[in-house]
$ cat upload-v7.txt   # compact mmCIF, C-alpha atoms
# COMPACT_ATOMS: atom_id res chain seq x y z
CA MET S 708 0.00 0.00 0.00
CA SER S 709 1.44 3.38 -0.99
CA ASP S 710 1.57 6.42 1.27
CA GLN S 711 -1.24 7.89 -0.84
CA GLN S 712 -3.49 4.99 0.21
CA SER S 713 -2.29 4.93 3.83
CA VAL S 714 -3.90 6.67 6.79
CA PHE S 715 -0.47 8.32 7.24
CA GLU S 716 0.90 11.00 4.92
CA ILE S 717 4.66 11.54 5.14
CA LEU S 718 5.93 15.11 4.90
CA ASP S 719 9.64 15.02 4.08
CA LEU S 720 11.51 17.97 5.61
CA SER S 721 15.02 16.68 4.96
CA ASP S 722 15.70 19.40 2.39
CA LEU S 723 15.74 21.97 5.22
CA GLU S 724 19.10 22.73 6.82
CA ARG S 725 19.32 20.32 9.75
CA GLY S 726 21.92 22.05 11.95
CA PRO S 727 19.85 25.11 12.94
CA ARG S 728 16.78 22.94 13.56
CA VAL S 729 18.73 20.57 15.80
CA GLN S 730 20.08 23.60 17.68
CA ALA S 731 16.59 25.08 18.08
CA LEU S 732 15.31 21.79 19.51
CA HIS S 733 18.37 21.60 21.78
CA GLU S 734 17.49 24.99 23.25
CA LEU S 735 13.93 23.78 23.89
CA GLY S 736 15.27 20.81 25.88
CA PHE S 737 15.45 18.07 23.23
CA THR S 738 19.22 17.59 23.39
CA TRP S 739 19.49 14.14 21.77
CA ALA S 740 18.15 14.79 18.27
CA ASP S 741 21.59 13.61 17.13
CA LEU S 742 23.38 10.94 19.15
CA GLU S 743 27.06 10.23 18.48
CA GLU S 744 26.70 11.56 14.93
CA GLU S 745 23.63 9.36 14.38
CA GLU S 746 20.34 11.04 13.51
CA TYR S 747 17.83 9.90 16.13
CA TRP S 748 15.29 12.52 15.07
CA MET S 749 13.99 11.86 11.56
CA ASP S 750 13.32 15.21 9.89
CA ALA S 751 9.85 14.36 8.63
CA ILE S 752 6.29 14.30 9.92
CA ALA S 753 3.89 11.37 9.75
CA VAL S 754 0.47 13.01 9.44
CA MET S 755 -2.41 10.86 10.66
CA ARG S 756 -5.90 11.09 9.23
CA SER S 757 -8.16 12.95 11.68
CA ASP S 758 -10.79 10.19 11.88
CA ILE S 759 -8.11 7.67 12.82
CA TYR S 760 -6.79 10.01 15.51
CA LYS S 761 -10.28 10.40 16.95
CA GLU S 762 -10.72 6.61 17.04
CA LEU S 763 -7.27 6.20 18.62
CA GLU S 764 -8.11 8.74 21.32
CA GLU S 765 -11.41 7.00 22.08
CA ALA S 766 -9.79 3.56 22.01
CA SER S 767 -7.12 4.74 24.44
CA ALA S 768 -9.75 5.98 26.89
CA LYS S 769 -11.70 2.71 26.67
CA LEU S 770 -8.61 0.54 27.09
CA TRP S 771 -7.40 2.67 29.99
CA ALA S 772 -10.68 1.99 31.81
CA ILE S 773 -10.61 -1.72 30.93
CA LEU S 774 -7.06 -2.23 32.21
CA ASP S 775 -7.86 -0.19 35.32
CA LYS S 776 -10.83 -2.47 36.01
CA ALA S 777 -8.65 -5.56 35.54
CA VAL S 778 -6.06 -4.29 38.02
CA ARG S 779 -8.77 -3.76 40.64
CA TYR S 780 -9.88 -7.34 40.13
CA ILE S 781 -6.31 -8.65 40.46
CA HIS S 782 -5.36 -6.51 43.47
CA LEU S 783 -4.83 -8.56 46.67
CA LYS S 784 -4.84 -11.86 44.73
CA ARG S 785 -1.30 -13.14 45.07
CA ASP S 786 -1.82 -16.09 42.75
CA LEU S 787 -2.61 -13.55 40.03
CA TYR S 788 0.41 -11.43 40.98
CA GLU S 789 2.49 -14.52 40.26
CA LEU S 790 0.72 -15.07 36.95
CA LEU S 791 1.55 -11.48 35.95
CA GLY S 792 5.20 -12.01 36.90
CA ILE S 793 5.12 -9.49 39.76
CA PRO S 794 8.24 -10.08 41.90
CA PRO S 795 7.35 -11.23 45.46
CA VAL S 796 9.43 -8.38 46.93
CA LEU S 797 6.64 -6.05 45.76
CA TRP S 798 3.65 -8.01 47.06
CA GLU S 799 3.66 -6.53 50.56
CA MET S 800 3.87 -3.05 49.07
CA LEU S 801 0.94 -3.72 46.72
CA ASP S 802 -1.25 -5.18 49.46
CA GLY S 803 -0.32 -2.65 52.12
CA PHE S 804 -1.62 0.46 50.37
CA PRO S 805 -5.08 1.35 49.07
CA ILE S 806 -5.34 1.29 45.32
CA PRO S 807 -5.65 4.81 43.83
CA GLU S 808 -8.95 6.18 42.59
CA GLU S 809 -10.42 4.96 39.33
CA GLY S 810 -8.38 5.88 36.25
CA LEU S 811 -5.41 7.16 38.24
CA ILE S 812 -3.41 4.07 39.15
CA SER S 813 -0.74 5.65 36.97
CA ARG S 814 -0.73 9.39 36.29
CA TYR S 815 2.02 9.20 33.68
CA ALA S 816 1.78 6.40 31.12
CA ARG S 817 2.05 5.61 27.42
CA PHE S 818 0.25 3.12 25.22
CA ASP S 819 2.09 1.64 22.22
CA PHE S 820 -0.18 0.86 19.28
CA ALA S 821 0.25 -0.82 15.93
CA ILE S 822 -1.75 1.16 13.39
CA ALA S 823 -1.77 -0.51 9.99
CA ASN S 824 -1.81 1.38 6.71
CA ASP S 825 -5.54 0.69 6.43
CA GLY S 826 -6.19 2.26 9.86
CA THR S 827 -6.63 -0.93 11.90
CA ILE S 828 -5.65 -0.15 15.51
CA LYS S 829 -4.22 -2.79 17.84
CA LEU S 830 -2.73 -2.36 21.31
CA LEU S 831 0.76 -3.80 21.70
CA GLU S 832 1.52 -2.82 25.30
CA LEU S 833 1.21 -0.21 28.01
CA ASN S 834 4.13 1.41 29.83
CA ALA S 835 2.43 2.62 32.98
CA ASP S 836 5.51 2.78 35.18
CA THR S 837 8.46 4.59 33.57
CA PRO S 838 7.61 5.76 30.03
CA THR S 839 10.12 7.88 28.16
CA GLY S 840 9.50 9.85 24.96
CA TYR S 841 7.93 12.71 26.92
CA VAL S 842 10.32 15.35 25.58
CA GLU S 843 9.88 14.14 22.02
CA ALA S 844 6.10 14.23 22.38
CA SER S 845 5.50 17.32 24.52
CA ILE S 846 8.29 19.61 23.30
CA ALA S 847 9.71 18.48 19.95
CA THR S 848 6.53 17.28 18.22
CA PRO S 849 4.49 20.49 18.68
CA TRP S 850 7.45 22.62 17.52
CA ILE S 851 8.14 20.47 14.46
CA CYS S 852 4.45 20.41 13.51
CA GLU S 853 4.06 24.15 14.02
CA GLN S 854 7.05 24.84 11.78
CA ALA S 855 5.37 22.83 9.01
CA GLY S 856 1.84 24.14 9.57
CA VAL S 857 0.55 20.76 10.78
CA THR S 858 -1.86 20.29 13.68
CA SER S 859 -0.43 18.63 16.80
CA PRO S 860 -2.77 17.26 19.49
CA ASN S 861 0.09 17.26 22.03
CA HIS S 862 -0.19 20.77 23.45
CA ALA S 863 -2.20 19.63 26.49
CA MET S 864 0.57 17.32 27.74
CA LYS S 865 2.31 19.99 29.84
CA GLN S 866 -0.93 21.09 31.50
CA GLN S 867 -1.92 17.51 32.27
CA LEU S 868 1.50 16.79 33.76
CA ALA S 869 1.35 19.92 35.90
CA ALA S 870 -2.10 18.95 37.16
CA ALA S 871 -0.91 15.44 38.05
CA TRP S 872 2.19 16.57 39.87
CA GLN S 873 0.36 19.31 41.75
CA ILE S 874 -1.42 16.40 43.43
CA GLU S 875 1.54 14.04 43.79
CA ARG S 876 4.05 16.83 44.55
CA PRO S 877 7.34 14.92 44.25
CA ASP S 878 10.33 16.62 45.86
CA THR S 879 12.81 14.61 43.77
CA ALA S 880 13.07 13.20 40.25
CA ALA S 881 15.65 10.50 39.59
CA CYS S 882 17.14 8.46 36.78
CA VAL S 883 20.20 6.28 36.35
CA ALA S 884 23.29 8.16 35.13
CA TYR S 885 21.75 11.58 35.65
CA GLY S 886 23.81 14.20 33.84
CA SER S 887 25.39 11.76 31.38
CA HIS S 888 22.44 9.79 29.97
CA LEU S 889 20.95 12.48 27.76
CA GLU S 890 17.50 11.00 27.19
CA ASP S 891 16.66 10.04 30.77
CA SER S 892 18.25 13.19 32.22
CA GLY S 893 16.41 15.41 29.75
CA THR S 894 13.16 13.57 30.47
CA ILE S 895 13.17 14.10 34.23
CA GLU S 896 14.34 17.70 33.80
CA ALA S 897 11.43 18.42 31.44
CA LEU S 898 8.94 16.74 33.76
CA ALA S 899 10.26 18.77 36.69
CA ARG S 900 10.14 21.99 34.68
CA HIS S 901 6.61 21.40 33.40
CA SER S 902 5.36 20.53 36.88
CA GLY S 903 5.87 24.09 38.11
CA LEU S 904 7.31 22.68 41.35
CA THR S 905 10.76 22.93 42.88
CA ILE S 906 12.11 19.44 42.25
CA GLN S 907 15.68 18.25 42.64
CA CYS S 908 17.00 15.91 39.94
CA VAL S 909 19.40 13.19 41.13
CA ASP S 910 21.18 10.02 40.02
CA CYS S 911 19.59 6.78 41.22
CA LEU S 912 23.09 5.40 41.80
CA ASP S 913 23.71 8.11 44.45
CA LEU S 914 20.67 7.09 46.50
CA TRP S 915 20.87 4.95 49.62
CA VAL S 916 18.55 3.74 52.37
CA ASP S 917 19.36 4.48 55.99
CA GLU S 918 17.14 2.52 58.40
CA GLY S 919 14.18 2.76 56.05
CA ILE S 920 14.84 6.39 55.04
CA LEU S 921 15.85 7.18 51.45
CA LYS S 922 18.66 9.72 51.12
CA ASP S 923 20.68 11.18 48.26
CA GLY S 924 24.46 11.53 48.02
CA GLU S 925 24.36 14.65 50.19
CA ASP S 926 22.29 12.94 52.92
CA ARG S 927 19.16 14.86 51.96
CA VAL S 928 16.04 12.93 52.98
CA ILE S 929 13.76 12.07 50.06
CA LYS S 930 10.10 11.59 50.88
CA ARG S 931 8.30 11.88 47.53
CA MET S 932 10.12 10.73 44.39
CA PHE S 933 9.43 10.23 40.71
CA ALA S 934 11.99 7.79 39.32
CA LEU S 935 12.73 6.42 35.86
CA TYR S 936 13.56 3.22 37.69
CA PRO S 937 11.50 0.14 36.79
CA LYS S 938 9.93 -1.25 39.94
CA GLU S 939 10.58 -4.86 38.93
CA TRP S 940 14.30 -4.18 39.31
CA MET S 941 13.81 -4.02 43.09
CA ALA S 942 13.84 -7.82 42.85
CA VAL S 943 17.20 -7.81 41.06
CA ASP S 944 19.28 -4.84 42.14
CA GLU S 945 21.41 -4.78 45.26
CA GLY S 946 19.49 -2.57 47.69
CA GLY S 947 16.19 -3.10 45.89
CA ASP S 948 14.66 -4.76 48.93
CA ALA S 949 15.77 -1.80 51.07
CA LEU S 950 14.02 0.59 48.69
CA ALA S 951 10.88 -1.54 48.87
CA TYR S 952 11.12 -1.49 52.67
CA ALA S 953 11.31 2.34 52.69
CA VAL S 954 8.05 2.42 50.72
CA GLU S 955 6.37 -0.24 52.87
CA GLN S 956 7.22 1.70 56.03
CA GLY S 957 5.57 4.84 54.65
CA ASN S 958 8.84 6.78 54.60
CA LEU S 959 8.88 7.14 50.82
CA GLN S 960 6.17 7.69 48.22
CA LEU S 961 7.04 6.66 44.68
CA PHE S 962 5.49 8.06 41.52
CA ASN S 963 4.11 6.42 39.60
CA GLY S 964 2.68 4.63 42.64
CA PRO S 965 3.34 0.94 43.45
CA HIS S 966 0.18 -0.34 41.75
CA SER S 967 1.42 0.94 38.38
CA ILE S 968 3.51 -2.25 38.20
CA LEU S 969 0.25 -4.20 37.76
CA LEU S 970 -0.66 -2.03 34.78
CA GLN S 971 2.91 -2.28 33.49
CA SER S 972 3.05 -6.06 33.28
CA LYS S 973 2.27 -7.39 29.82
CA GLY S 974 0.74 -10.29 31.69
CA LEU S 975 -2.19 -7.98 32.43
CA ILE S 976 -3.08 -7.94 28.73
CA ALA S 977 -3.02 -11.75 28.74
CA ALA S 978 -5.27 -11.71 31.81
CA VAL S 979 -7.71 -9.32 30.13
CA TRP S 980 -7.81 -11.48 27.01
CA GLY S 981 -8.32 -14.61 29.11
CA MET S 982 -11.23 -13.04 31.01
CA TYR S 983 -12.68 -11.87 27.69
CA GLU S 984 -12.60 -15.41 26.32
CA LEU S 985 -14.16 -16.79 29.52
CA GLY S 986 -16.88 -14.13 29.59
CA LEU S 987 -15.75 -12.75 32.95
CA LEU S 988 -15.70 -9.24 34.46
CA PHE S 989 -16.38 -7.10 31.38
CA ASP S 990 -19.70 -5.78 30.04
CA ASN S 991 -20.76 -5.86 26.40
CA GLU S 992 -19.27 -2.47 25.54
CA GLU S 993 -15.95 -3.38 27.14
CA ARG S 994 -15.95 -6.74 25.36
CA GLU S 995 -16.46 -5.01 22.03
CA ALA S 996 -13.45 -2.76 22.68
CA ILE S 997 -11.32 -5.74 23.77
CA SER S 998 -12.27 -7.65 20.63
CA ARG S 999 -11.52 -4.65 18.42
CA TYR S 1000 -8.30 -3.34 19.92
CA ILE S 1001 -6.58 -6.03 22.00
CA LEU S 1002 -4.59 -8.80 20.37
CA PRO S 1003 -5.02 -12.41 21.53
CA THR S 1004 -2.37 -12.76 24.24
CA TYR S 1005 -1.52 -15.82 26.34
CA ASN S 1006 0.97 -17.10 28.88
CA LYS S 1007 1.86 -19.99 26.56
CA PRO S 1008 2.62 -20.17 22.79
CA VAL S 1009 -0.68 -21.68 21.67
CA PHE S 1010 -0.87 -20.03 18.24
CA SER S 1011 -1.21 -21.86 14.94
CA GLY S 1012 -0.12 -18.74 13.02
CA SER S 1013 2.46 -15.99 13.49
CA PHE S 1014 3.02 -14.59 16.95
CA VAL S 1015 5.34 -12.56 19.15
CA SER S 1016 6.96 -13.54 22.44
CA LYS S 1017 8.15 -10.94 24.95
CA SER S 1018 8.99 -10.66 28.61
CA VAL S 1019 6.22 -9.29 30.82
CA PHE S 1020 8.73 -6.58 31.77
CA GLY S 1021 10.60 -6.18 28.50
CA ARG S 1022 11.46 -2.60 27.55
CA GLU S 1023 12.76 -0.85 24.42
CA GLY S 1024 12.28 -3.99 22.32
CA GLY S 1025 14.37 -6.14 24.65
CA SER S 1026 13.27 -9.83 24.75
CA VAL S 1027 10.99 -9.50 21.67
CA ARG S 1028 11.00 -12.45 19.28
CA LEU S 1029 8.85 -12.69 16.14
CA PHE S 1030 7.71 -16.07 14.84
CA ASP S 1031 6.32 -16.74 11.36
CA ASP S 1032 3.21 -18.67 10.31
CA SER S 1033 5.00 -21.99 10.81
CA GLY S 1034 6.09 -21.06 14.33
CA THR S 1035 9.73 -20.61 13.27
CA LEU S 1036 11.73 -17.78 14.81
CA GLU S 1037 11.93 -15.03 12.19
CA ILE S 1038 13.69 -12.19 13.99
CA GLU S 1039 14.65 -11.23 17.55
CA ASP S 1040 15.91 -8.11 19.24
CA GLU S 1041 19.66 -8.35 19.79
CA GLU S 1042 20.31 -4.88 21.23
CA GLY S 1043 17.93 -4.48 24.18
CA TYR S 1044 18.39 -6.37 27.42
CA ASP S 1045 16.61 -9.74 27.36
CA SER S 1046 14.64 -9.63 30.60
CA SER S 1047 12.92 -12.94 29.78
CA GLN S 1048 15.87 -14.48 31.65
CA LEU S 1049 14.43 -12.96 34.83
CA PHE S 1050 10.68 -12.70 34.26
CA PRO S 1051 8.04 -14.84 32.49
CA SER S 1052 6.99 -14.19 28.91
CA VAL S 1053 3.70 -13.64 27.13
CA TYR S 1054 2.77 -14.69 23.59
CA GLN S 1055 0.77 -12.33 21.43
CA LYS S 1056 -0.68 -12.52 17.94
CA ARG S 1057 1.36 -10.42 15.51
CA ALA S 1058 -0.06 -7.10 14.36
CA GLU S 1059 0.70 -5.09 11.25
CA LEU S 1060 2.57 -1.80 11.58
CA ALA S 1061 2.18 0.88 8.91
CA ARG S 1062 5.08 1.06 6.49
CA ILE S 1063 6.27 4.57 5.74
CA HIS S 1064 8.59 5.75 3.00
CA THR S 1065 11.05 8.52 3.92
CA ALA S 1066 14.24 10.04 2.57
CA LYS S 1067 16.08 7.60 4.86
CA GLY S 1068 14.26 4.57 3.43
CA GLU S 1069 11.30 2.45 4.40
CA PHE S 1070 10.39 1.98 8.07
CA HIS S 1071 7.67 0.51 10.22
CA LEU S 1072 5.80 3.11 12.27
CA LEU S 1073 4.93 2.57 15.94
CA THR S 1074 2.35 4.94 17.42
CA GLY S 1075 2.49 5.92 21.08
CA MET S 1076 -0.32 7.64 22.98
CA PHE S 1077 0.48 9.24 26.35
CA VAL S 1078 -2.13 9.07 29.10
CA ILE S 1079 -1.36 11.76 31.68
CA ASN S 1080 -3.53 12.35 34.72
CA GLY S 1081 -6.00 9.87 33.25
CA LYS S 1082 -6.39 11.63 29.88
CA PRO S 1083 -5.06 10.50 26.46
CA CYS S 1084 -3.19 13.58 25.32
CA GLY S 1085 -0.05 13.10 23.26
CA LEU S 1086 1.25 11.20 20.23
CA LEU S 1087 4.76 9.74 19.97
CA GLY S 1088 6.04 8.36 16.68
CA ARG S 1089 8.92 5.91 16.33
CA ALA S 1090 10.16 4.53 13.04
CA GLY S 1091 12.23 1.39 12.87
CA GLY S 1092 12.23 -2.25 11.88
CA LEU S 1093 9.72 -4.97 12.69
CA ILE S 1094 10.87 -4.65 16.31
CA THR S 1095 10.90 -1.08 17.61
CA GLY S 1096 13.91 -0.96 19.89
CA ASN S 1097 16.76 1.34 20.84
CA ALA S 1098 17.84 1.69 17.21
CA SER S 1099 14.53 3.24 16.15
CA HIS S 1100 14.12 6.90 15.14
CA PHE S 1101 11.83 9.53 16.57
CA ILE S 1102 9.43 10.93 13.97
CA ALA S 1103 6.89 13.62 14.80
CA LEU S 1104 3.23 12.63 14.48
CA GLY S 1105 0.65 15.21 13.45
CA VAL S 1106 -3.02 15.10 12.55
CA ARG S 1107 -4.54 16.11 9.22

$ encode --input "upload-v7.txt" --output "structure tokens"
Amino acid sequence: MSDQQSVFEILDLSDLERGPRVQALHELGFTWADLEEEEYWMDAIAVMRSDIYKELEEASAKLWAILDKAVRYIHLKRDLYELLGIPPVLWEMLDGFPIPEEGLISRYARFDFAIANDGTIKLLELNADTPTGYVEASIATPWICEQAGVTSPNHAMKQQLAAAWQIERPDTAACVAYGSHLEDSGTIEALARHSGLTIQCVDCLDLWVDEGILKDGEDRVIKRMFALYPKEWMAVDEGGDALAYAVEQGNLQLFNGPHSILLQSKGLIAAVWGMYELGLLFDNEEREAISRYILPTYNKPVFSGSFVSKSVFGREGGSVRLFDDSGTLEIEDEEGYDSSQLFPSVYQKRAELARIHTAKGEFHLLTGMFVINGKPCGLLGRAGGLITGNASHFIALGVR
């Protein structure tokens, strides 16, 4: 299918001088448009048809409510925690605190969708714990679209983030390798800036727990922290159990909150699909949305056709393996960390990603939709191969 027949129109902007545009984005806070002389930002815009955007927005809201409902069903059921791959070190934390109000288990999340050239929308996964891409979506995308006279639906992201953090009020934002890892450092700095609060940014590796109290490298006590630190790593990292203890004792509040790990697990999608097949929990309207937008997903490889396997806590393409119609391994991610060595996997029917043609060649397009403070509010485009991993490019998404 050509771009003319696709729901995406590609606007090639590569004939514009790149240097000044990269510098302009750098000044806005997007400092990794070029990484080690590699072009991470693709100087083009994928423009989505407006009716598809409207359906995507509505689908995101419906799926957000469905997954929220599933988490409330699973909460306090430790056999289901195990099925979702939730590390036992987190169980006490999950059971010891009330689950947040409806729709706000995570206030900062991002869906990843496969949208085919014909407009078919399928959910691939939800990052409800530590999503990145915020700077690309909230800062770079609106600027790029405005420069080209294209509508961006992302302008509300900053306001939604500010509203969320006015409630959560973190005093600290943390990531690993703060100050040297451009993407994660720039992400927490942008979140802190957009919050309107006074928030100190720190390196996770400088943090330590002193008798259940979290402190930074200067012995400052941290009570309320947003961290780009996956909660499942508390089961793996040295000191992870101490961090969990600080939360359990009520000395530290993490954002997103502990229950976001239930939304984060790809096992939740398998649980939703299983309950759909069994006729449990969901009403007719919810079942219609599940049938339309969620891919058949299981805890075992039961497919007769092509499918994907991935760790319940795989990130950035790590652990993803694609199998063809005969069940033979076709391609696997070799760059991201394979967390299937540590956590169980799920098996999901393969979905078709739109193919886009750019000055850099042909790519598959992955569509992200941020959900901030419970509201779908921002598109993130990534162009890459069949598996969208660390080697993928950022491409701005606009709406026609």

$ residues_around --input "upload-v7.txt" --residues "Asn834 (chain S)" --least-positions-apart "4" --cutoff "6 Å" --atoms "all atoms listed in the file" --output "MDAnalysis selection string"
chainID S and resid 816:817 838 971

$ closest_atom_pairs --input "upload-v7.txt" --of "region 840-909 of chain S" --to "region 790-814 of chain S" --cutoff "9 Å" --atoms "only C-alpha atoms" --output "tab-separated table"
residue	atom	partner	partner_atom	distance
S:Leu868	CA	S:Arg814	CA	8.1
S:Ala871	CA	S:Arg814	CA	6.3
S:Trp872	CA	S:Arg814	CA	8.5

$ write_last_selection --input "upload-v7.txt" --atoms "C-alpha atoms" --output "mmCIF file, keeping the file's coordinate frame"
data_model
loop_
_atom_site.group_PDB
_atom_site.id
_atom_site.type_symbol
_atom_site.label_atom_id
_atom_site.label_comp_id
_atom_site.auth_asym_id
_atom_site.auth_seq_id
_atom_site.Cartn_x
_atom_site.Cartn_y
_atom_site.Cartn_z
ATOM 1 C CA LEU S 868 1.500 16.790 33.760
ATOM 2 C CA ALA S 871 -0.910 15.440 38.050
ATOM 3 C CA TRP S 872 2.190 16.570 39.870
#

$ closest_residue --input "upload-v7.txt" --among "S:Tyr760, S:Ser845, S:Leu975, S:Leu921" --to "Arg779 (chain S)" --atoms "all atoms listed in the file"
S:Leu975

$ residues_around --input "upload-v7.txt" --residues "Asp917 (chain S)" --least-positions-apart "6" --cutoff "10 Å" --atoms "only C-alpha atoms" --output "compact mmCIF listing (two decimals) with C-alpha atoms, in the coordinates of the input"
# COMPACT_ATOMS: atom_id res chain seq x y z
CA ASP S 926 22.29 12.94 52.92
CA VAL S 928 16.04 12.93 52.98
CA ALA S 949 15.77 -1.80 51.07
CA LEU S 950 14.02 0.59 48.69
CA ALA S 953 11.31 2.34 52.69

$ closest_residue --input "upload-v7.txt" --among "S:Ser767, S:Ser1099, S:Thr738, S:Asn958" --to "Leu830 (chain S)" --atoms "only C-alpha atoms"
S:Ser767

$ atom_distance --input "upload-v7.txt" --atom1 "CA of Gly1034 (chain S)" --atom2 "CA of Ile1063 (chain S)"
27.0 Å

$ residues_around --input "upload-v7.txt" --residues "region 1039-1051 of chain S" --least-positions-apart "3" --cutoff "9 Å" --atoms "only C-alpha atoms" --output "ChimeraX atom specification"
/S:790-794,943,974,1006,1017-1030,1036,1094-1098

$ axis_aligned_box --input "upload-v7.txt" --around "region 1028-1033 of chain S" --padding-each-side "4 Å" --output "lines of an AutoDock Vina configuration file"
center_x = 7.1
center_y = -17.2
center_z = 14.8
size_x = 15.8
size_y = 17.5
size_z = 17.0

$ closest_residue --input "upload-v7.txt" --among "S:Arg900, S:Arg756, S:Arg1089, S:His888" --to "Lys865 (chain S)" --atoms "only C-alpha atoms"
S:Arg900

$ residues_around --input "upload-v7.txt" --residues "Phe737 (chain S)" --least-positions-apart "6" --cutoff "12 Å" --atoms "all atoms listed in the file" --output "compact mmCIF listing (two decimals) with C-alpha atoms, in the frame of the given file"
# COMPACT_ATOMS: atom_id res chain seq x y z
CA ARG S 728 16.78 22.94 13.56
CA VAL S 729 18.73 20.57 15.80
CA GLN S 730 20.08 23.60 17.68
CA ALA S 731 16.59 25.08 18.08
CA TYR S 747 17.83 9.90 16.13
CA TRP S 748 15.29 12.52 15.07
CA GLY S 840 9.50 9.85 24.96
CA TYR S 841 7.93 12.71 26.92
CA VAL S 842 10.32 15.35 25.58
CA GLU S 843 9.88 14.14 22.02
CA ALA S 844 6.10 14.23 22.38
CA SER S 845 5.50 17.32 24.52
CA ILE S 846 8.29 19.61 23.30
CA ALA S 847 9.71 18.48 19.95
CA THR S 848 6.53 17.28 18.22
CA TRP S 850 7.45 22.62 17.52
CA ILE S 851 8.14 20.47 14.46
CA LEU S 889 20.95 12.48 27.76
CA GLU S 890 17.50 11.00 27.19
CA ASP S 891 16.66 10.04 30.77
CA SER S 892 18.25 13.19 32.22
CA GLY S 893 16.41 15.41 29.75
CA THR S 894 13.16 13.57 30.47
CA ILE S 895 13.17 14.10 34.23
CA GLU S 896 14.34 17.70 33.80
CA ALA S 897 11.43 18.42 31.44
CA PHE S 1101 11.83 9.53 16.57

$ atom_distance --input "upload-v7.txt" --atom1 "CA of Glu955 (chain S)" --atom2 "CA of Gln907 (chain S)"
23.1 Å

$ atom_distance --input "upload-v7.txt" --atom1 "CA of Ala996 (chain S)" --atom2 "CA of Gly981 (chain S)"
14.4 Å

$ closest_residue --input "upload-v7.txt" --among "S:Gly1092, S:Pro877, S:Gly903, S:Gly856" --to "Arg931 (chain S)" --atoms "only C-alpha atoms"
S:Pro877

$ closest_residue --input "upload-v7.txt" --among "S:Val979, S:Lys1056, S:Arg785, S:Lys761" --to "Glu993 (chain S)" --atoms "all atoms listed in the file"
S:Val979

$ residues_near_point --input "upload-v7.txt" --point "(15.7, 9.0, 43.4)" --cutoff "12 Å" --atoms "all atoms listed in the file" --output "compact mmCIF listing (two decimals) with C-alpha atoms, keeping the file's coordinate frame"
# COMPACT_ATOMS: atom_id res chain seq x y z
CA PRO S 877 7.34 14.92 44.25
CA ASP S 878 10.33 16.62 45.86
CA THR S 879 12.81 14.61 43.77
CA ALA S 880 13.07 13.20 40.25
CA ALA S 881 15.65 10.50 39.59
CA CYS S 882 17.14 8.46 36.78
CA VAL S 883 20.20 6.28 36.35
CA ALA S 884 23.29 8.16 35.13
CA TYR S 885 21.75 11.58 35.65
CA ILE S 895 13.17 14.10 34.23
CA ILE S 906 12.11 19.44 42.25
CA GLN S 907 15.68 18.25 42.64
CA CYS S 908 17.00 15.91 39.94
CA VAL S 909 19.40 13.19 41.13
CA ASP S 910 21.18 10.02 40.02
CA CYS S 911 19.59 6.78 41.22
CA LEU S 912 23.09 5.40 41.80
CA ASP S 913 23.71 8.11 44.45
CA LEU S 914 20.67 7.09 46.50
CA TRP S 915 20.87 4.95 49.62
CA VAL S 916 18.55 3.74 52.37
CA ILE S 920 14.84 6.39 55.04
CA LEU S 921 15.85 7.18 51.45
CA LYS S 922 18.66 9.72 51.12
CA ASP S 923 20.68 11.18 48.26
CA GLY S 924 24.46 11.53 48.02
CA ARG S 927 19.16 14.86 51.96
CA VAL S 928 16.04 12.93 52.98
CA ILE S 929 13.76 12.07 50.06
CA LYS S 930 10.10 11.59 50.88
CA ARG S 931 8.30 11.88 47.53
CA MET S 932 10.12 10.73 44.39
CA PHE S 933 9.43 10.23 40.71
CA ALA S 934 11.99 7.79 39.32
CA LEU S 935 12.73 6.42 35.86
CA TYR S 936 13.56 3.22 37.69
CA PRO S 937 11.50 0.14 36.79
CA LEU S 950 14.02 0.59 48.69
CA LEU S 959 8.88 7.14 50.82
CA GLN S 960 6.17 7.69 48.22
CA LEU S 961 7.04 6.66 44.68
CA PHE S 962 5.49 8.06 41.52

$ build_atoms --input "upload-v7.txt" --residues "region 775-782 of chain S" --atoms "N, CA and C atoms" --output "PDB file, in the coordinates of the input"
ATOM      1  N   ASP S 775      -7.659  -0.639  33.942  1.00  0.00           N
ATOM      2  CA  ASP S 775      -7.860  -0.190  35.320  1.00  0.00           C
ATOM      3  C   ASP S 775      -8.792  -1.159  36.063  1.00  0.00           C
ATOM      4  N   LYS S 776      -9.863  -1.544  35.410  1.00  0.00           N
ATOM      5  CA  LYS S 776     -10.830  -2.470  36.010  1.00  0.00           C
ATOM      6  C   LYS S 776     -10.172  -3.827  36.279  1.00  0.00           C
ATOM      7  N   ALA S 777      -9.328  -4.279  35.365  1.00  0.00           N
ATOM      8  CA  ALA S 777      -8.650  -5.560  35.540  1.00  0.00           C
ATOM      9  C   ALA S 777      -7.688  -5.526  36.719  1.00  0.00           C
ATOM     10  N   VAL S 778      -6.979  -4.414  36.885  1.00  0.00           N
ATOM     11  CA  VAL S 778      -6.060  -4.290  38.020  1.00  0.00           C
ATOM     12  C   VAL S 778      -6.819  -4.364  39.332  1.00  0.00           C
ATOM     13  N   ARG S 779      -7.975  -3.730  39.400  1.00  0.00           N
ATOM     14  CA  ARG S 779      -8.770  -3.760  40.640  1.00  0.00           C
ATOM     15  C   ARG S 779      -9.250  -5.173  40.956  1.00  0.00           C
ATOM     16  N   TYR S 780      -9.500  -5.941  39.926  1.00  0.00           N
ATOM     17  CA  TYR S 780      -9.880  -7.340  40.130  1.00  0.00           C
ATOM     18  C   TYR S 780      -8.700  -8.168  40.640  1.00  0.00           C
ATOM     19  N   ILE S 781      -7.503  -7.876  40.117  1.00  0.00           N
ATOM     20  CA  ILE S 781      -6.310  -8.650  40.460  1.00  0.00           C
ATOM     21  C   ILE S 781      -5.737  -8.258  41.816  1.00  0.00           C
ATOM     22  N   HIS S 782      -5.940  -7.010  42.229  1.00  0.00           N
ATOM     23  CA  HIS S 782      -5.360  -6.510  43.470  1.00  0.00           C
ATOM     24  C   HIS S 782      -5.722  -7.405  44.661  1.00  0.00           C
TER      25      HIS S 782
END
